[in-house]
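Working notes, structure below.
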Amino acid sequence: MKHFLNTADWSQPDLQAMIDDARAMKAAASDAPRGDALKDKTVALLFLNNSLRTRTSFDVGARQLGAHAVVLSPSGGMWPLEFEDGVVMDGEAEEHVKEAAKVLSRYCDMIGIRAFPKFQDWQEDCKDKILNAFARYADVPVINMETITHPCQEMAHVMALQERLGPLDGKKFVLTWTYHPKPLNTAVANSALMIAAKFGMQPTLLCPTEDYILDDRYIEQASKDARGHGAALTISHNVGEAYADADVVYAKSWGALPYFGNWGPEKKIRDAFKHFIVDEEKMALTNKALVSHCLPMRRNVKMTDAVFDSANCIAYDEAENRLHVQKAIMKALMS
Ligand code: CP
């Protein structure tokens, strides 16, 4: 049994096979039969955080393949869960993840988990305890629907890039930090950097200061994969150098890891970098780059209307591709 927790656990050919399957399903006429690859299967979708795209695309995708989705969330009547082993459960939690995972495995064929960091202590958050607990205790495949990485998003992004660019080898990929009034999850940034390197692009991480460099494990994974393709990961704090000749610009905001739980001082730093917004002036430095964002996105804070609404923006394709790649992922896990 294999889980889909992180693309680092999967080979590039295996990921490409899922993307190829997703492309074939996307190409099929919308009124053509969609098949019954997951007929009578059931997927539990556990959301500990908000969602528009992930929730809808997994539910719709499952139904299109003949499966049934059950959406669960603590605010929707589920028992509060305990994720630590060996604790005296005399707090708010009514049920341990061990029981929840095992019982859901008796009803369902797959379990999807969305569980963001708590943003208080990165050394705790980076253990990804909730996702790993489900993977440990469930008897069915577990899918990461965004925890400290967002593998479904990165698959949809690569699919959208390949649709426009073909093979991605050697393309300059810039992951740029952008301003946001709140400190956000690093998951999409971690994933974007890893998938760019895995698919042979030349990754550049552009961020305001050293404090915004992503966790070592993702830097090391991206560096290793880049080296495997004869490329190298570049880390830059220079907007002009990073955007120069870029083929792809991917925008995301995230909170600085050293400031987890101490966000007051971090906000002072972040507020000084509002000029990292993706705008036409910066895009003019690129090689007519494609640009994207995972969404949701604050317009004219992270990216200007002019850039987001331009023909080079593939964010809607990427969002649509979530539906197709997640169908392919669920099929692969059930095959
Ligand atoms: N990109 C993404 O995962 O969107 P949601 O948070 O709306 O699911």
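By order in the structure tokens, chains are A, B, ...; within a chain, residues start at 1; ligands start at 1, following the order shown.
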Quick one: residues within 10 Å of Glu163 of chain A, only C-alpha atoms, excluding same-chain residues fewer than 4 positions away - as a compact mmCIF listing (two decimals) with C-alpha atoms, in the first residue's frame?
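Wrote result.txt, looks like this:
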```txt
# COMPACT_ATOMS: atom_id res chain seq x y z
CA ARG A 23 -4.05 14.98 -19.41
CA HIS A 157 1.27 23.26 -11.62
CA VAL A 158 3.64 21.02 -13.57
CA MET A 159 0.75 19.79 -15.70
CA PRO A 167 9.35 19.62 -21.74
CA ILE A 314 -1.92 30.02 -15.97
CA ASP A 317 -5.45 26.14 -15.74
```
- Check every protein, DNA and RNA residue against ligand 1, keep those with an atom at most 9 Å away (counting only C-alpha atoms and all ligand atoms), and present them as a list in words. Asn49, Asn50, Ser51, Leu52, Arg53, Thr54, Arg55, Thr56, Ser57, Arg114, Met145, Glu146, His150, Cys152, Gln153, Val188, His293, Cys294, Leu295, Pro296, Ala319 and Arg322 of chain A
- Contact residues around Cys108 of chain A with only C-alpha atoms at 9 Å, ignoring same-chain residues under 5 positions, as a ChimeraX atom specification: /A:41-44,70,103,140
Next, write the just-selected residues to a file, as a compact mmCIF listing (two decimals), in the first residue's frame, keeping N, CA and C atoms as the atom set.
```txt
# COMPACT_ATOMS: atom_id res chain seq x y z
N LYS A 41 -16.01 2.94 -4.82
CA LYS A 41 -15.01 3.28 -3.81
C LYS A 41 -15.50 4.49 -3.01
N THR A 42 -14.93 4.66 -1.83
CA THR A 42 -15.27 5.82 -0.99
C THR A 42 -13.99 6.47 -0.48
N VAL A 43 -13.96 7.80 -0.57
CA VAL A 43 -12.80 8.53 -0.04
C VAL A 43 -13.28 9.47 1.05
N ALA A 44 -12.62 9.40 2.22
CA ALA A 44 -12.91 10.34 3.31
C ALA A 44 -11.98 11.54 3.15
N VAL A 70 -16.77 11.53 1.30
CA VAL A 70 -17.35 11.96 2.58
C VAL A 70 -16.46 13.06 3.14
N VAL A 103 -10.89 3.26 12.06
CA VAL A 103 -12.33 3.13 11.77
C VAL A 103 -12.63 3.64 10.37
N VAL A 140 -5.54 2.11 4.76
CA VAL A 140 -5.82 2.44 3.35
C VAL A 140 -4.90 3.61 2.97
```
- In segment 274-334 of chain A, what's strand (DSSP E or B) per DSSP? Answer as a VMD selection string? chain A and resid 278 290 to 292 299 303 313
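If you look at atom CA of Ser223 of chain A and atom CA of Ala22 of chain A, they are 27.6 Å away from each other.
Take atom CA of His68 of chain A and atom CA of Met330 of chain A: the distance between them is 12.1 Å.
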- Met303 of chain A environment, 7 Å, only C-alpha atoms, sequence neighbours closer than 4 positions dropped, as number ranges by chain: A: 277-279, 299, 307-308
- Message: Among segment 39-227 of chain A, which residues does DSSP mark as helix (DSSP H, G or I) when it is run on the backbone? Keep the chain and numbering as in the structure and answer as a ChimeraX atom specification.
- Response: /A:53-64,74-76,97-107,122-125,129-137,151-165,187-198,210-212,216-227
With a distance cut-off of 12 Å and only C-alpha atoms, select the neighbouring residues of Arg227 of chain A, excluding the residue or stretch itself and same-chain residues fewer than 2 positions from it, and output the selection as a tab-separated table (two decimals) with N, CA, C and O atoms, in the first residue's frame.
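The new file part24.tsv reads:
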```tsv
chain	number	residue	atom	x	y	z
A	170	GLY	N	15.62	22.62	-18.14
A	170	GLY	CA	16.43	23.82	-18.37
A	170	GLY	C	15.68	25.14	-18.26
A	170	GLY	O	16.30	26.20	-18.31
A	197	ALA	N	12.57	21.43	-9.39
A	197	ALA	CA	13.85	20.73	-9.50
A	197	ALA	C	13.66	19.31	-10.02
A	197	ALA	O	14.43	18.82	-10.84
A	198	LYS	N	12.62	18.65	-9.54
A	198	LYS	CA	12.40	17.25	-9.93
A	198	LYS	C	12.14	17.13	-11.43
A	198	LYS	O	12.50	16.12	-12.04
A	199	PHE	N	11.52	18.15	-12.01
A	199	PHE	CA	11.21	18.10	-13.44
A	199	PHE	C	12.25	18.85	-14.27
A	199	PHE	O	11.98	19.22	-15.41
A	200	GLY	N	13.43	19.05	-13.73
A	200	GLY	CA	14.57	19.49	-14.54
A	200	GLY	C	14.67	20.98	-14.78
A	200	GLY	O	15.48	21.41	-15.60
A	201	MET	N	13.87	21.78	-14.08
A	201	MET	CA	13.98	23.22	-14.27
A	201	MET	C	15.16	23.77	-13.44
A	201	MET	O	15.69	23.08	-12.58
A	202	GLN	N	15.54	25.01	-13.76
A	202	GLN	CA	16.61	25.70	-13.00
A	202	GLN	C	15.91	26.53	-11.93
A	202	GLN	O	15.43	27.62	-12.23
A	203	PRO	N	15.84	26.03	-10.70
A	203	PRO	CA	15.03	26.75	-9.68
A	203	PRO	C	15.77	27.90	-9.01
A	203	PRO	O	16.94	27.77	-8.65
A	220	GLU	N	17.43	21.09	0.53
A	220	GLU	CA	18.33	19.97	0.19
A	220	GLU	C	17.71	19.07	-0.86
A	220	GLU	O	18.40	18.64	-1.79
A	221	GLN	N	16.42	18.79	-0.74
A	221	GLN	CA	15.75	17.93	-1.74
A	221	GLN	C	15.80	18.59	-3.12
A	221	GLN	O	16.11	17.96	-4.13
A	222	ALA	N	15.48	19.89	-3.17
A	222	ALA	CA	15.48	20.60	-4.46
A	222	ALA	C	16.90	20.68	-5.01
A	222	ALA	O	17.11	20.51	-6.22
A	223	SER	N	17.88	20.91	-4.15
A	223	SER	CA	19.27	20.98	-4.61
A	223	SER	C	19.71	19.64	-5.19
A	223	SER	O	20.35	19.59	-6.24
A	224	LYS	N	19.35	18.56	-4.49
A	224	LYS	CA	19.74	17.22	-4.95
A	224	LYS	C	19.11	16.92	-6.31
A	224	LYS	O	19.78	16.46	-7.24
A	225	ASP	N	17.81	17.20	-6.42
A	225	ASP	CA	17.14	16.91	-7.70
A	225	ASP	C	17.67	17.81	-8.82
A	225	ASP	O	17.81	17.37	-9.96
A	229	HIS	N	19.81	16.79	-12.52
A	229	HIS	CA	19.50	17.23	-13.90
A	229	HIS	C	20.59	18.16	-14.44
A	229	HIS	O	20.38	18.83	-15.45
A	230	GLY	N	21.71	18.24	-13.73
A	230	GLY	CA	22.79	19.13	-14.17
A	230	GLY	C	22.49	20.60	-13.93
A	230	GLY	O	23.09	21.47	-14.56
A	231	ALA	N	21.54	20.87	-13.03
A	231	ALA	CA	21.17	22.26	-12.71
A	231	ALA	C	21.60	22.57	-11.28
A	231	ALA	O	22.24	21.75	-10.62
A	232	ALA	N	21.25	23.74	-10.82
A	232	ALA	CA	21.60	24.13	-9.44
A	232	ALA	C	20.51	25.06	-8.90
A	232	ALA	O	19.96	25.86	-9.66
A	233	LEU	N	20.23	24.90	-7.63
A	233	LEU	CA	19.28	25.80	-6.96
A	233	LEU	C	19.98	27.11	-6.63
A	233	LEU	O	21.08	27.11	-6.06
A	234	THR	N	19.35	28.23	-7.00
A	234	THR	CA	19.88	29.55	-6.65
A	234	THR	C	18.97	30.18	-5.60
A	234	THR	O	17.74	30.12	-5.74
```
- Message: I'd like to know which of A:Trp122, A:Ala8, A:Ile111, A:Pro141 is closest to Ser335 of chain A, using only C-alpha atoms.
- Response: A:Pro141
Per residue of segment 166-265 of chain A within 12 Å of segment 280-287 of chain A, which atom pair is closest and at what distance in Å (one decimal), using only C-alpha atoms, listed by chain and increasing number, as CSV?
```
residue,atom,partner,partner_atom,distance
A:Lys171,CA,A:Asn287,CA,10.0
A:Lys172,CA,A:Asn287,CA,9.0
A:Phe173,CA,A:Thr286,CA,10.5
A:Val174,CA,A:Thr286,CA,10.0
A:Thr176,CA,A:Lys282,CA,11.2
A:Asn238,CA,A:Lys282,CA,11.6
A:Val239,CA,A:Lys282,CA,7.9
A:Gly240,CA,A:Leu285,CA,7.3
A:Glu241,CA,A:Leu285,CA,9.0
A:Ala242,CA,A:Thr286,CA,9.1
A:Tyr243,CA,A:Thr286,CA,5.6
A:Ala244,CA,A:Leu285,CA,5.1
A:Asp245,CA,A:Thr286,CA,4.2
A:Ala246,CA,A:Thr286,CA,4.7
A:Asp247,CA,A:Asn287,CA,5.4
A:Val248,CA,A:Thr286,CA,8.4
A:Val249,CA,A:Met283,CA,8.4
A:Tyr250,CA,A:Met283,CA,11.4
A:Ala251,CA,A:Met283,CA,11.9
```
- Selected residue of minimal separation from Ala160 of chain A among A:Asp125, A:Leu257, A:Val291, A:Ala328, counting only C-alpha atoms: A:Val291
